[in-house]
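Content type compact mmCIF, C-alpha atoms, from the file target_0.txt:
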# COMPACT_ATOMS: atom_id res chain seq x y z
CA MET Z 1 -14.25 65.29 -46.10
CA ALA Z 2 -15.35 65.65 -42.49
CA ASP Z 3 -18.91 64.68 -43.46
CA LYS Z 4 -17.61 61.53 -45.15
CA LEU Z 5 -15.60 60.58 -42.07
CA LEU Z 6 -18.63 61.05 -39.82
CA THR Z 7 -20.75 58.97 -42.17
CA ALA Z 8 -18.17 56.17 -42.16
CA PHE Z 9 -18.05 56.20 -38.37
CA HIS Z 10 -21.86 56.06 -38.25
CA VAL Z 11 -21.81 52.93 -40.44
CA TRP Z 12 -19.13 51.27 -38.27
CA ARG Z 13 -21.14 51.69 -35.11
CA HIS Z 14 -24.36 50.35 -36.65
CA ASN Z 15 -22.57 47.29 -38.02
CA LEU Z 16 -21.31 46.27 -34.58
CA ARG Z 17 -23.09 44.61 -31.64
CA LEU Z 18 -21.78 45.68 -28.26
CA ASN Z 19 -23.30 42.60 -26.60
CA LEU Z 20 -21.42 40.24 -28.98
CA TRP Z 21 -17.86 39.49 -27.84
CA ASP Z 22 -15.26 37.70 -29.96
CA TYR Z 23 -12.41 36.24 -27.98
CA ASN Z 24 -8.81 35.61 -28.92
CA GLY Z 25 -6.00 33.61 -27.39
CA ASP Z 26 -4.57 30.19 -26.69
CA SER Z 27 -6.09 27.18 -24.92
CA ARG Z 28 -7.10 29.31 -21.94
CA ALA Z 29 -9.45 31.24 -24.22
CA LYS Z 30 -10.50 28.14 -26.15
CA GLN Z 31 -11.70 26.46 -22.96
CA HIS Z 32 -14.59 28.92 -22.73
CA HIS Z 33 -16.42 26.46 -24.98
CA VAL Z 34 -16.99 22.75 -24.36
CA SER Z 35 -17.13 21.04 -27.74
CA ALA Z 36 -16.30 21.74 -31.36
CA VAL Z 37 -19.41 20.88 -33.34
CA LEU Z 38 -18.98 22.69 -36.65
CA PRO Z 39 -19.42 25.36 -37.86
CA ARG Z 40 -18.60 26.77 -34.43
CA PRO Z 41 -17.89 25.51 -30.91
CA ILE Z 42 -20.94 25.01 -28.67
CA GLY Z 43 -21.53 24.66 -24.98
CA LYS Z 44 -20.23 27.21 -22.46
CA ALA Z 45 -17.80 25.84 -19.90
CA ALA Z 46 -17.18 26.61 -16.22
CA LEU Z 47 -13.49 26.93 -17.13
CA GLY Z 48 -14.16 30.29 -18.84
CA PRO Z 49 -14.09 33.48 -16.73
CA LEU Z 50 -16.22 35.27 -19.35
CA ASN Z 51 -18.89 32.60 -18.93
CA TRP Z 52 -18.92 33.04 -15.15
CA GLY Z 53 -19.10 36.81 -15.50
CA ASN Z 54 -22.00 36.44 -17.91
CA ALA Z 55 -23.95 34.00 -15.72
CA LEU Z 56 -23.32 36.04 -12.56
CA SER Z 57 -24.44 39.30 -14.21
CA GLY Z 58 -27.62 38.00 -15.87
CA GLN Z 59 -26.45 36.85 -19.33
CA ARG Z 60 -25.68 40.31 -20.69
CA MET Z 61 -23.47 39.27 -23.60
CA THR Z 62 -23.11 36.55 -26.24
CA LEU Z 63 -19.88 34.75 -27.05
CA GLY Z 64 -19.06 35.29 -30.70
CA GLY Z 65 -16.07 34.01 -32.65
CA SER Z 66 -13.69 31.60 -30.93
CA PHE Z 67 -10.42 32.88 -32.34
CA ALA Z 68 -8.29 30.70 -30.11
CA THR Z 69 -6.07 27.66 -30.61
CA SER Z 70 -4.55 25.37 -27.99
CA GLY Z 71 -0.75 25.50 -27.88
CA SER Z 72 -0.48 28.53 -30.13
CA ARG Z 73 1.68 31.58 -29.71
CA SER Z 74 0.12 34.98 -30.31
CA ASP Z 75 1.58 35.28 -33.83
CA GLN Z 76 0.10 31.87 -34.69
CA TYR Z 77 -3.47 32.47 -33.53
CA ILE Z 78 -3.43 35.98 -34.99
CA LEU Z 79 -2.53 34.62 -38.43
CA GLU Z 80 -5.05 31.78 -38.24
CA TYR Z 81 -8.07 33.97 -37.44
CA LYS Z 82 -7.19 37.49 -38.61
CA ALA Z 83 -9.56 37.61 -41.59
CA ALA Z 84 -12.52 36.19 -39.63
CA ARG Z 85 -11.87 38.50 -36.70
CA LEU Z 86 -11.79 41.65 -38.79
CA ALA Z 87 -14.93 40.60 -40.70
CA SER Z 88 -16.90 39.98 -37.49
CA HIS Z 89 -19.75 42.22 -36.37
CA ALA Z 90 -18.79 41.82 -32.69
CA GLY Z 91 -18.62 45.14 -30.91
CA VAL Z 92 -16.06 43.84 -28.41
CA SER Z 93 -12.77 42.19 -29.30
CA PHE Z 94 -11.70 40.38 -26.14
CA TRP Z 95 -8.07 39.24 -25.86
CA ASN Z 96 -7.47 36.66 -23.17
CA SER Z 97 -4.09 36.38 -21.46
CA GLY Z 98 -2.29 35.25 -24.57
CA ILE Z 99 1.51 34.92 -24.49
CA VAL Z 100 2.29 32.00 -22.18
CA ASN Z 101 3.21 29.86 -25.19
CA ASN Z 102 5.40 32.69 -26.53
CA VAL Z 103 7.30 32.73 -23.25
CA ALA Z 104 7.51 28.94 -23.07
CA GLN Z 105 8.89 28.59 -26.62
CA ALA Z 106 11.22 31.58 -26.32
CA LEU Z 107 13.48 29.49 -24.07
CA ALA Z 108 14.64 27.53 -27.13
CA GLY Z 109 14.00 30.48 -29.48
CA TYR Z 110 11.58 30.79 -32.40
CA THR Z 111 10.90 32.98 -35.43
CA ASP Z 112 7.81 35.20 -35.26
CA LEU Z 113 5.61 34.19 -38.20
CA ILE Z 114 4.38 37.76 -38.80
CA SER Z 115 7.41 39.96 -38.20
CA GLY Z 116 10.11 37.42 -39.06
CA LEU Z 117 12.02 38.46 -35.93
CA ALA Z 118 14.10 36.00 -33.92
CA VAL Z 119 12.47 35.72 -30.50
CA THR Z 120 14.37 34.88 -27.31
CA VAL Z 121 13.53 35.11 -23.62
CA ALA Z 122 15.29 38.49 -23.55
CA ASN Z 123 13.01 40.09 -26.16
CA VAL Z 124 9.81 38.00 -26.08
CA ALA Z 125 7.90 40.54 -23.97
CA LEU Z 126 8.60 43.45 -26.31
CA PHE Z 127 8.17 41.58 -29.62
CA SER Z 128 4.97 39.82 -28.49
CA LEU Z 129 3.37 43.06 -27.35
CA GLN Z 130 4.34 44.85 -30.56
CA GLY Z 131 2.60 42.19 -32.63
CA LEU Z 132 -0.53 42.29 -30.48
CA ILE Z 133 -0.73 46.09 -30.47
CA THR Z 134 -0.84 46.03 -34.28
CA GLU Z 135 -3.98 43.86 -34.11
CA TRP Z 136 -5.58 45.87 -31.32
CA GLU Z 137 -5.13 49.04 -33.35
CA LEU Z 138 -6.89 47.37 -36.29
CA ASP Z 139 -9.81 46.42 -34.04
CA LEU Z 140 -10.01 49.96 -32.68
CA ALA Z 141 -9.94 51.38 -36.21
CA ALA Z 142 -12.91 49.15 -37.06
CA GLY Z 143 -14.89 50.76 -34.24
CA LYS Z 144 -14.61 47.86 -31.81
CA ARG Z 145 -14.03 48.15 -28.09
CA VAL Z 146 -10.87 46.25 -27.15
CA ILE Z 147 -10.52 44.40 -23.83
CA VAL Z 148 -7.10 43.00 -22.97
CA CYS Z 149 -5.90 40.94 -20.02
CA THR Z 150 -2.55 40.75 -18.32
CA GLU Z 151 -0.62 37.49 -18.52
CA PRO Z 152 -0.60 35.35 -15.33
CA GLY Z 153 1.93 32.88 -16.77
CA ALA Z 154 2.41 29.37 -15.43
CA THR Z 155 3.93 27.65 -12.42
CA ASN Z 156 6.59 25.82 -14.49
CA LEU Z 157 8.38 28.90 -15.85
CA ASN Z 158 12.01 29.52 -14.90
CA PRO Z 159 13.19 32.85 -13.40
CA ALA Z 160 14.06 34.39 -16.76
CA GLN Z 161 10.64 33.49 -18.14
CA VAL Z 162 8.94 34.87 -15.03
CA ALA Z 163 10.83 38.12 -15.57
CA ALA Z 164 9.55 38.19 -19.17
CA VAL Z 165 5.95 37.83 -17.92
CA HIS Z 166 6.45 40.78 -15.57
CA GLU Z 167 8.04 42.86 -18.34
CA TYR Z 168 5.17 42.10 -20.72
CA ASN Z 169 2.54 43.04 -18.13
CA MET Z 170 4.21 46.35 -17.32
CA ARG Z 171 4.65 47.24 -20.98
CA LEU Z 172 0.99 46.35 -21.57
CA LYS Z 173 -0.17 48.52 -18.68
CA CYS Z 174 1.89 51.48 -19.87
CA TRP Z 175 0.39 51.22 -23.37
CA ALA Z 176 -3.22 50.58 -22.30
CA ASP Z 177 -3.22 53.41 -19.75
CA THR Z 178 -2.84 55.96 -22.54
CA ARG Z 179 -4.89 54.35 -25.34
CA PRO Z 180 -8.54 55.43 -25.70
CA GLY Z 181 -11.00 52.63 -26.42
CA VAL Z 182 -8.99 49.99 -24.56
CA ILE Z 183 -10.04 48.33 -21.31
CA LEU Z 184 -7.22 46.64 -19.41
CA LEU Z 185 -8.12 43.86 -16.97
CA ASP Z 186 -5.35 42.94 -14.56
CA VAL Z 187 -6.15 39.34 -13.61
CA THR Z 188 -2.96 38.71 -11.63
CA PRO Z 189 -4.09 40.06 -8.22
CA VAL Z 190 -7.01 37.61 -8.26
CA LEU Z 191 -4.98 34.58 -9.38
CA TRP Z 192 -1.48 34.84 -7.92
CA SER Z 193 -0.64 33.69 -4.41
CA PRO Z 194 1.37 36.26 -2.44
CA ALA Z 195 3.34 33.39 -0.89
CA GLY Z 196 6.05 31.31 -2.52
CA SER Z 197 9.32 32.02 -4.27
CA GLY Z 198 10.30 35.41 -5.61
CA THR Z 199 11.41 33.82 -8.87
CA ALA Z 200 8.50 31.42 -9.52
CA ILE Z 201 4.81 32.05 -10.14
CA ALA Z 202 2.38 30.50 -7.66
CA PHE Z 203 -1.41 30.52 -8.03
CA LYS Z 204 -3.84 30.50 -5.12
CA ALA Z 205 -4.86 27.05 -3.90
CA GLY Z 206 -7.40 25.35 -6.16
CA TYR Z 207 -7.30 28.02 -8.88
CA LEU Z 208 -5.59 25.73 -11.40
CA GLN Z 209 -6.79 22.36 -12.62
CA PRO Z 210 -5.25 19.44 -10.71
CA GLY Z 211 -1.67 18.79 -11.85
CA ASP Z 212 -1.84 21.59 -14.45
CA PRO Z 213 0.63 24.50 -14.34
CA THR Z 214 -1.37 26.85 -16.60
CA HIS Z 215 -5.12 26.28 -17.00
CA LEU Z 216 -7.72 27.65 -14.62
CA SER Z 217 -10.02 25.37 -12.65
CA PRO Z 218 -13.73 26.19 -12.31
CA LEU Z 219 -12.89 27.86 -8.98
CA GLY Z 220 -10.19 30.06 -10.51
CA ALA Z 221 -12.46 31.00 -13.41
CA TYR Z 222 -15.31 31.75 -10.98
CA MET Z 223 -13.16 34.12 -8.95
CA LEU Z 224 -12.17 36.07 -12.08
CA GLY Z 225 -15.81 36.10 -13.18
CA LYS Z 226 -17.02 37.29 -9.80
CA LEU Z 227 -14.38 39.94 -9.11
CA ILE Z 228 -13.51 41.27 -12.59
CA PHE Z 229 -15.79 40.19 -15.46
CA ALA Z 230 -19.26 40.42 -13.88
CA PRO Z 231 -18.67 43.97 -12.55
CA LEU Z 232 -17.37 45.04 -15.98
CA MET Z 233 -20.38 43.56 -17.79
CA ARG Z 234 -22.79 45.32 -15.42
CA GLN Z 235 -21.13 48.63 -16.30
CA LEU Z 236 -20.97 48.08 -20.07
CA LEU Z 237 -24.20 46.26 -20.89
CA PRO Z 238 -27.87 46.43 -19.85
CA GLU Z 239 -29.72 43.35 -18.63
CA ARG Z 240 -31.29 41.28 -21.38
CA ASP Z 241 -34.64 39.49 -21.35
CA ARG Z 242 -35.46 37.37 -18.29
CA ALA Z 243 -37.40 34.78 -20.33
CA VAL Z 244 -40.65 33.41 -18.90
CA VAL Z 245 -42.34 35.71 -16.36
CA ALA Z 246 -46.07 34.86 -16.31
CA ALA Z 247 -48.51 31.97 -16.61
CA HIS Z 248 -49.68 33.02 -20.07
CA ASP Z 249 -46.07 32.64 -21.23
CA ALA Z 250 -46.16 28.90 -20.45
CA TYR Z 251 -46.29 25.87 -22.72
CA ASN Z 252 -48.50 25.51 -24.63
CA VAL Z 253 -50.37 28.83 -24.38
CA ASN Z 254 -47.38 30.70 -25.78
CA PRO Z 255 -46.61 28.88 -29.06
CA ARG Z 256 -42.92 29.67 -28.66
CA GLN Z 257 -42.53 28.25 -25.12
CA LEU Z 258 -41.18 24.70 -24.90
CA ALA Z 259 -41.08 24.18 -21.13
CA ALA Z 260 -44.22 23.15 -19.26
CA ASN Z 261 -44.71 24.52 -15.73
CA PRO Z 262 -41.87 27.06 -16.13
CA LEU Z 263 -42.82 29.03 -12.99
CA HIS Z 264 -43.30 25.91 -10.83
CA THR Z 265 -46.96 26.68 -10.24
CA ALA Z 266 -47.65 22.91 -10.13
CA LEU Z 267 -45.67 21.44 -7.24
CA THR Z 268 -46.74 17.81 -7.74
CA GLY Z 269 -47.05 15.36 -10.60
CA GLY Z 270 -43.41 14.86 -11.60
CA ASN Z 271 -41.46 11.60 -11.87
CA THR Z 272 -38.81 10.03 -9.67
CA GLN Z 273 -36.51 8.03 -11.93
CA THR Z 274 -33.30 6.02 -11.42
CA ASN Z 275 -30.98 6.27 -8.39
CA VAL Z 276 -32.89 9.05 -6.57
CA THR Z 277 -34.66 8.74 -3.25
CA VAL Z 278 -37.00 11.65 -2.44
CA SER Z 279 -36.63 11.89 1.35
CA SER Z 280 -39.29 14.61 1.70
CA GLY Z 281 -41.49 16.73 -0.52
CA THR Z 282 -42.74 16.03 -4.04
CA VAL Z 283 -41.34 16.34 -7.56
CA PRO Z 284 -43.00 19.32 -9.31
CA GLY Z 285 -45.21 18.76 -12.34
CA SER Z 286 -43.55 18.19 -15.72
CA ARG Z 287 -40.21 17.38 -14.06
CA ASN Z 288 -38.03 14.28 -13.84
CA VAL Z 289 -35.39 13.72 -11.17
CA ARG Z 290 -32.69 11.11 -11.61
CA ALA Z 291 -29.00 10.46 -11.02
CA ASP Z 292 -26.28 8.20 -12.35
CA VAL Z 293 -25.35 7.00 -8.83
CA PRO Z 294 -27.51 6.65 -5.68
CA MET Z 295 -28.48 10.04 -4.17
CA SER Z 296 -31.22 11.46 -2.00
CA VAL Z 297 -33.07 14.76 -2.31
CA ALA Z 298 -35.36 16.73 -0.04
CA ILE Z 299 -37.68 19.03 -2.00
CA MET Z 300 -39.20 22.27 -0.70
CA SER Z 301 -40.69 25.38 -2.30
CA GLU Z 302 -41.21 29.09 -1.60
CA ASP Z 303 -42.65 32.11 -3.37
CA VAL Z 304 -40.20 33.77 -5.75
CA VAL Z 305 -41.35 37.05 -4.17
CA ALA Z 306 -42.18 36.41 -0.52
CA GLY Z 307 -45.92 36.59 0.10
CA ASP Z 308 -46.78 36.85 -3.60
CA ALA Z 309 -48.13 33.50 -4.81
CA ALA Z 310 -48.54 34.88 -8.33
CA SER Z 311 -44.76 35.34 -8.64
CA GLY Z 312 -44.25 31.60 -9.08
CA LYS Z 313 -42.19 29.28 -6.94
CA ASN Z 314 -38.58 28.59 -6.19
CA VAL Z 315 -38.01 24.85 -5.90
CA ILE Z 316 -35.33 24.05 -3.31
CA LEU Z 317 -33.40 20.80 -3.74
CA SER Z 318 -31.23 19.60 -0.82
CA LEU Z 319 -28.98 16.94 -2.34
CA THR Z 320 -26.95 14.32 -0.52
CA ASN Z 321 -24.70 12.01 -2.52
CA GLY Z 322 -23.58 8.49 -1.71
CA ALA Z 323 -20.02 7.24 -1.77
CA THR Z 324 -19.48 7.59 -5.53
CA ALA Z 325 -19.14 10.83 -7.47
CA GLY Z 326 -22.08 11.40 -9.78
CA ILE Z 327 -24.52 13.78 -11.47
CA PHE Z 328 -28.04 14.67 -10.33
CA THR Z 329 -30.51 15.78 -13.01
CA TYR Z 330 -33.61 17.98 -12.62
CA GLU Z 331 -35.22 17.87 -16.04
CA VAL Z 332 -38.16 19.42 -17.86
CA PHE Z 333 -40.40 16.99 -19.73
CA SER Z 334 -39.69 16.97 -23.45
CA PRO Z 335 -42.19 18.95 -25.53
CA ALA Z 336 -44.33 17.05 -28.02
CA THR Z 337 -42.52 16.19 -31.24
CA ALA Z 338 -45.15 18.09 -33.23
CA TYR Z 339 -44.30 21.22 -31.27
CA TRP Z 340 -40.91 21.81 -32.90
CA ALA Z 341 -39.19 20.98 -36.18
CA VAL Z 342 -35.85 19.76 -37.46
CA ASP Z 343 -34.85 23.31 -38.38
CA SER Z 344 -36.05 24.96 -35.14
CA LEU Z 345 -33.87 27.44 -33.27
CA ILE Z 346 -33.87 26.35 -29.62
CA GLU Z 347 -32.75 28.12 -26.45
CA THR Z 348 -33.21 26.98 -22.85
CA GLY Z 349 -32.37 28.40 -19.45
CA ALA Z 350 -32.99 28.64 -15.73
CA GLU Z 351 -32.13 30.80 -12.75
CA VAL Z 352 -30.31 28.97 -9.98
CA ASP Z 353 -29.15 29.99 -6.50
CA VAL Z 354 -26.51 27.73 -5.00
CA ALA Z 355 -27.14 28.20 -1.30
CA ALA Z 356 -24.65 25.72 0.17
CA ASN Z 357 -21.97 23.74 -1.58
CA ALA Z 358 -19.39 22.35 0.83
CA GLY Z 359 -17.95 19.93 -1.73
CA GLY Z 360 -17.45 22.41 -4.56
CA ALA Z 361 -20.10 20.74 -6.74
CA HIS Z 362 -20.61 21.90 -10.32
CA VAL Z 363 -24.06 23.29 -11.14
CA PHE Z 364 -24.74 23.61 -14.86
CA LEU Z 365 -27.42 23.64 -17.53
CA GLY Z 366 -27.69 20.87 -20.08
CA CYS Z 367 -29.78 20.77 -23.23
CA ASP Z 368 -29.99 17.71 -25.50
CA ILE Z 369 -31.67 18.15 -28.89
CA ASN Z 370 -32.45 14.75 -30.39
CA THR Z 371 -33.57 13.83 -33.92
CA ASN Z 372 -33.29 10.73 -36.09
CA ASN Z 373 -29.83 12.04 -37.04
CA GLY Z 374 -28.46 12.03 -33.50
CA THR Z 375 -28.27 14.29 -30.47
CA LYS Z 376 -26.70 17.73 -30.25
CA GLN Z 377 -25.71 18.73 -26.72
CA ALA Z 378 -25.45 22.30 -25.49
CA TRP Z 379 -24.42 23.45 -22.01
CA ASP Z 380 -23.94 26.48 -19.86
CA MET Z 381 -21.28 26.37 -17.11
CA TYR Z 382 -20.41 22.74 -17.82
CA ALA Z 383 -17.54 21.19 -15.86
CA THR Z 384 -16.30 17.78 -14.79
CA ARG Z 385 -15.08 16.80 -11.35
CA GLY Z 386 -11.63 16.01 -12.74
CA GLN Z 387 -11.13 19.69 -13.62
CA GLY Z 388 -11.18 20.64 -9.94
CA ALA Z 389 -13.76 21.89 -7.49
CA GLY Z 390 -16.12 24.75 -8.09
CA PRO Z 391 -16.86 27.56 -5.61
CA ALA Z 392 -17.96 26.47 -2.15
CA GLU Z 393 -19.57 29.81 -1.29
CA ALA Z 394 -23.16 30.78 -2.08
CA TYR Z 395 -23.77 32.32 -5.50
CA SER Z 396 -26.55 32.95 -8.04
CA LEU Z 397 -26.50 32.12 -11.74
CA SER Z 398 -28.60 32.96 -14.75
CA LEU Z 399 -28.07 29.92 -16.99
CA LYS Z 400 -28.79 30.02 -20.71
CA SER Z 401 -27.79 27.73 -23.54
CA GLU Z 402 -26.68 29.20 -26.80
CA VAL Z 403 -29.30 29.27 -29.55
CA GLU Z 404 -28.93 25.90 -31.27
CA GLN Z 405 -30.49 23.90 -34.10
CA PRO Z 406 -30.74 20.09 -34.31
CA LEU Z 407 -27.91 18.34 -36.11
CA ALA Z 408 -28.01 18.93 -39.86
CA GLY Z 409 -29.65 16.35 -42.08
CA ALA Z 410 -32.43 15.36 -39.67
CA ALA Z 411 -35.79 14.24 -41.04
CA SER Z 412 -37.80 13.79 -37.84
CA THR Z 413 -37.77 15.17 -34.30
CA GLY Z 414 -37.11 13.06 -31.21
CA TYR Z 415 -36.91 14.92 -27.90
CA ILE Z 416 -35.53 18.02 -26.20
CA ALA Z 417 -34.13 17.42 -22.72
CA SER Z 418 -33.37 20.59 -20.77
CA ALA Z 419 -32.06 20.16 -17.25
CA VAL Z 420 -30.26 21.70 -14.32
CA ARG Z 421 -27.52 19.25 -13.39
CA VAL Z 422 -25.35 19.01 -10.28
CA ALA Z 423 -22.06 17.08 -10.35
CA LEU Z 424 -21.13 16.03 -6.81
CA ASP Z 425 -18.17 14.26 -5.24
CA GLY Z 426 -18.78 11.16 -3.19
CA ASN Z 427 -20.50 11.91 0.15
CA ALA Z 428 -20.91 15.57 -0.81
CA SER Z 429 -24.01 17.72 -0.40
CA CYS Z 430 -25.41 20.73 -2.19
CA VAL Z 431 -28.52 22.93 -1.89
CA VAL Z 432 -29.84 24.57 -5.05
CA LYS Z 433 -32.82 26.85 -5.55
CA ILE Z 434 -34.30 26.77 -9.08
CA ARG Z 435 -36.78 29.19 -10.70
CA ARG Z 436 -37.88 30.30 -14.18
CA MET Z 437 -36.98 27.08 -16.00
CA TRP Z 438 -37.75 27.88 -19.61
CA GLY Z 439 -37.21 26.88 -23.23
CA TYR Z 440 -37.97 28.94 -26.31
CA LEU Z 441 -38.31 28.47 -30.01
CA ARG Z 442 -36.50 31.47 -31.41
CA TYR Z 443 -37.28 33.37 -34.61
CA PRO Z 444 -34.46 33.84 -37.14
CA ALA Z 445 -32.82 37.23 -36.75
CA PRO Z 446 -33.68 39.62 -39.61
CA ALA Z 447 -30.93 40.49 -42.06
CA TRP Z 448 -29.24 43.86 -41.51
Take the structure I supplied and represent it as structure tokens, if you would.
Amino acid sequence: MADKLLTAFHVWRHNLRLNLWDYNGDSRAKQHHVSAVLPRPIGKAALGPLNWGNALSGQRMTLGGSFATSGSRSDQYILEYKAARLASHAGVSFWNSGIVNNVAQALAGYTDLISGLAVTVANVALFSLQGLITEWELDLAAGKRVIVCTEPGATNLNPAQVAAVHEYNMRLKCWADTRPGVILLDVTPVLWSPAGSGTAIAFKAGYLQPGDPTHLSPLGAYMLGKLIFAPLMRQLLPERDRAVVAAHDAYNVNPRQLAANPLHTALTGGNTQTNVTVSSGTVPGSRNVRADVPMSVAIMSEDVVAGDAASGKNVILSLTNGATAGIFTYEVFSPATAYWAVDSLIETGAEVDVAANAGGAHVFLGCDINTNNGTKQAWDMYATRGQGAGPAEAYSLSLKSEVEQPLAGAASTGYIASAVRVALDGNASCVVKIRRMWGYLRYPAPAW
């Protein structure tokens, strides 16, 4: 019997991928992705703390199943996705802060769809946690590592609801402290302001989206990514491939490389397009610069490794915007249409240092894959100015789109546009340093 148990455990571990993380929750988990192109959401958003942690730590993990629904209580999103979650090969089951809708609806009372219990503000903490623990135990039994977050709540909760949030968090901590295989992340010290009322939740300034009592802004998500998620990922997961590293890996010597001049070895020959004035320097080869409103850019370069010309170049863009908010684009030329196909697997990326960002600009990766059937868009760290400012401090990102195919039903290829984009407020400035701008055709993963 013992041999059979050991064999079963061996199979569990080999059927799971530790670098693949499914995530569960309400709209605060769902906002890790940007759009819902079936069969799964695509585009990683700057509103997701996991995305920030991943980009800040070198892209160590892949987002798996999006088992999250806006407006749902925990019993609702559990029921909707339970079968898919348990069938997943993800090695990590990540549970975002997930009971704010339970607490909100408990004020009027509701019936738990799984247990059938009548839920009120007085018992919502206990009943919600009991239902979640049942699912966490199932994930643990399947060999998954379970990561759970405390609940930060919302600024529009009344005193009784705030008390329920505190009760839930303490019950969660008491359970997680004694349960092997569970990692508890307490997000409240990062998010909550120590000032304010003793009976109302207050978040730190700028950590929520403007006018929103619940959902994190890019700044709030960044702080969680920086202080909690990136350190955890560095402990759990090794660094993955760094993409292009040498001249022989460039388009079109490497038949899988889509991006010309990926190491910026050619510092001239690019194009200045609409709304951009190059105040100094030159646009590197195989690059376009443009904007949707008037902007200026000063362009400089330096060795990636100081004194080592063979290491490639960092291209430094000092951006100054005019009076109107807009987006600056630094884009790789599209590869020849004969170089990829309508069923190609495509992945793009870049490494970016944001050296100065007084206006809280959003720096993100965009990838458009165009065919005669339309354009599929993929992003990493996408955000809009209306969602609030991003971090103003200096930081470094490894940006990588998810592996995507053109839209289904295409008969001919059009273009691939991969770009680092900077969304700036009016009269704002930002300095970004870009290196290793790459695009790959990926091979299908073998069956296992």
Hey, which of Z:Asp177, Z:Asp380, Z:Asp22, Z:Asp212 ends up closest to Z:Asp139? Count only C-alpha atoms.
Z:Asp22
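Take atom CA of Z:Cys149 and atom CA of Z:Val119: the distance between them is 21.8 Å.
Of the listed residues Z:Ala122, Z:Leu424, Z:Ala195, Z:Ala338, the one whose atoms come nearest to Z:Ala163 is Z:Ala122, with distances taken using only C-alpha atoms.
When atom CA of Z:Tyr330 is paired with atom CA of Z:Ser396, their separation reads 17.2 Å.
The residue that comes closest to Z:His33, out of Z:Ala378, Z:Leu126, Z:Leu113, Z:Ala160 and on the basis of only C-alpha atoms, is Z:Ala378.
Shortest atom-to-atom contact with Z:Leu441 among Z:Leu365, Z:Ala341, Z:Ala383, Z:Leu219: Z:Ala341, counting only C-alpha atoms.
Each of Z:Gln257, Z:Leu20, Z:Gly91, Z:Met295 was checked against Z:Ala141 using all atoms listed in the file; the smallest atom-to-atom distance is that of Z:Gly91.
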Would you be able to write out as a PyMOL selection string which residues have an atom within 9 Å of (-24.1, 33.8, -16.2) in the file's coordinates, counting all atoms listed in the file?
chain Z and resi 50-60+230+380-381+396-400
Residues within 8 Å of Z:Ala246, all atoms listed in the file, excluding chain neighbours under 2 positions, as a PDB file with C-alpha atoms, keeping the file's coordinate frame:
ATOM      1  CA  VAL Z 244     -40.650  33.410 -18.900  1.00  0.00           C
ATOM      2  CA  HIS Z 248     -49.680  33.020 -20.070  1.00  0.00           C
ATOM      3  CA  ASP Z 249     -46.070  32.640 -21.230  1.00  0.00           C
ATOM      4  CA  ALA Z 250     -46.160  28.900 -20.450  1.00  0.00           C
ATOM      5  CA  LEU Z 263     -42.820  29.030 -12.990  1.00  0.00           C
ATOM      6  CA  SER Z 311     -44.760  35.340  -8.640  1.00  0.00           C
TER       7      SER Z 311
END
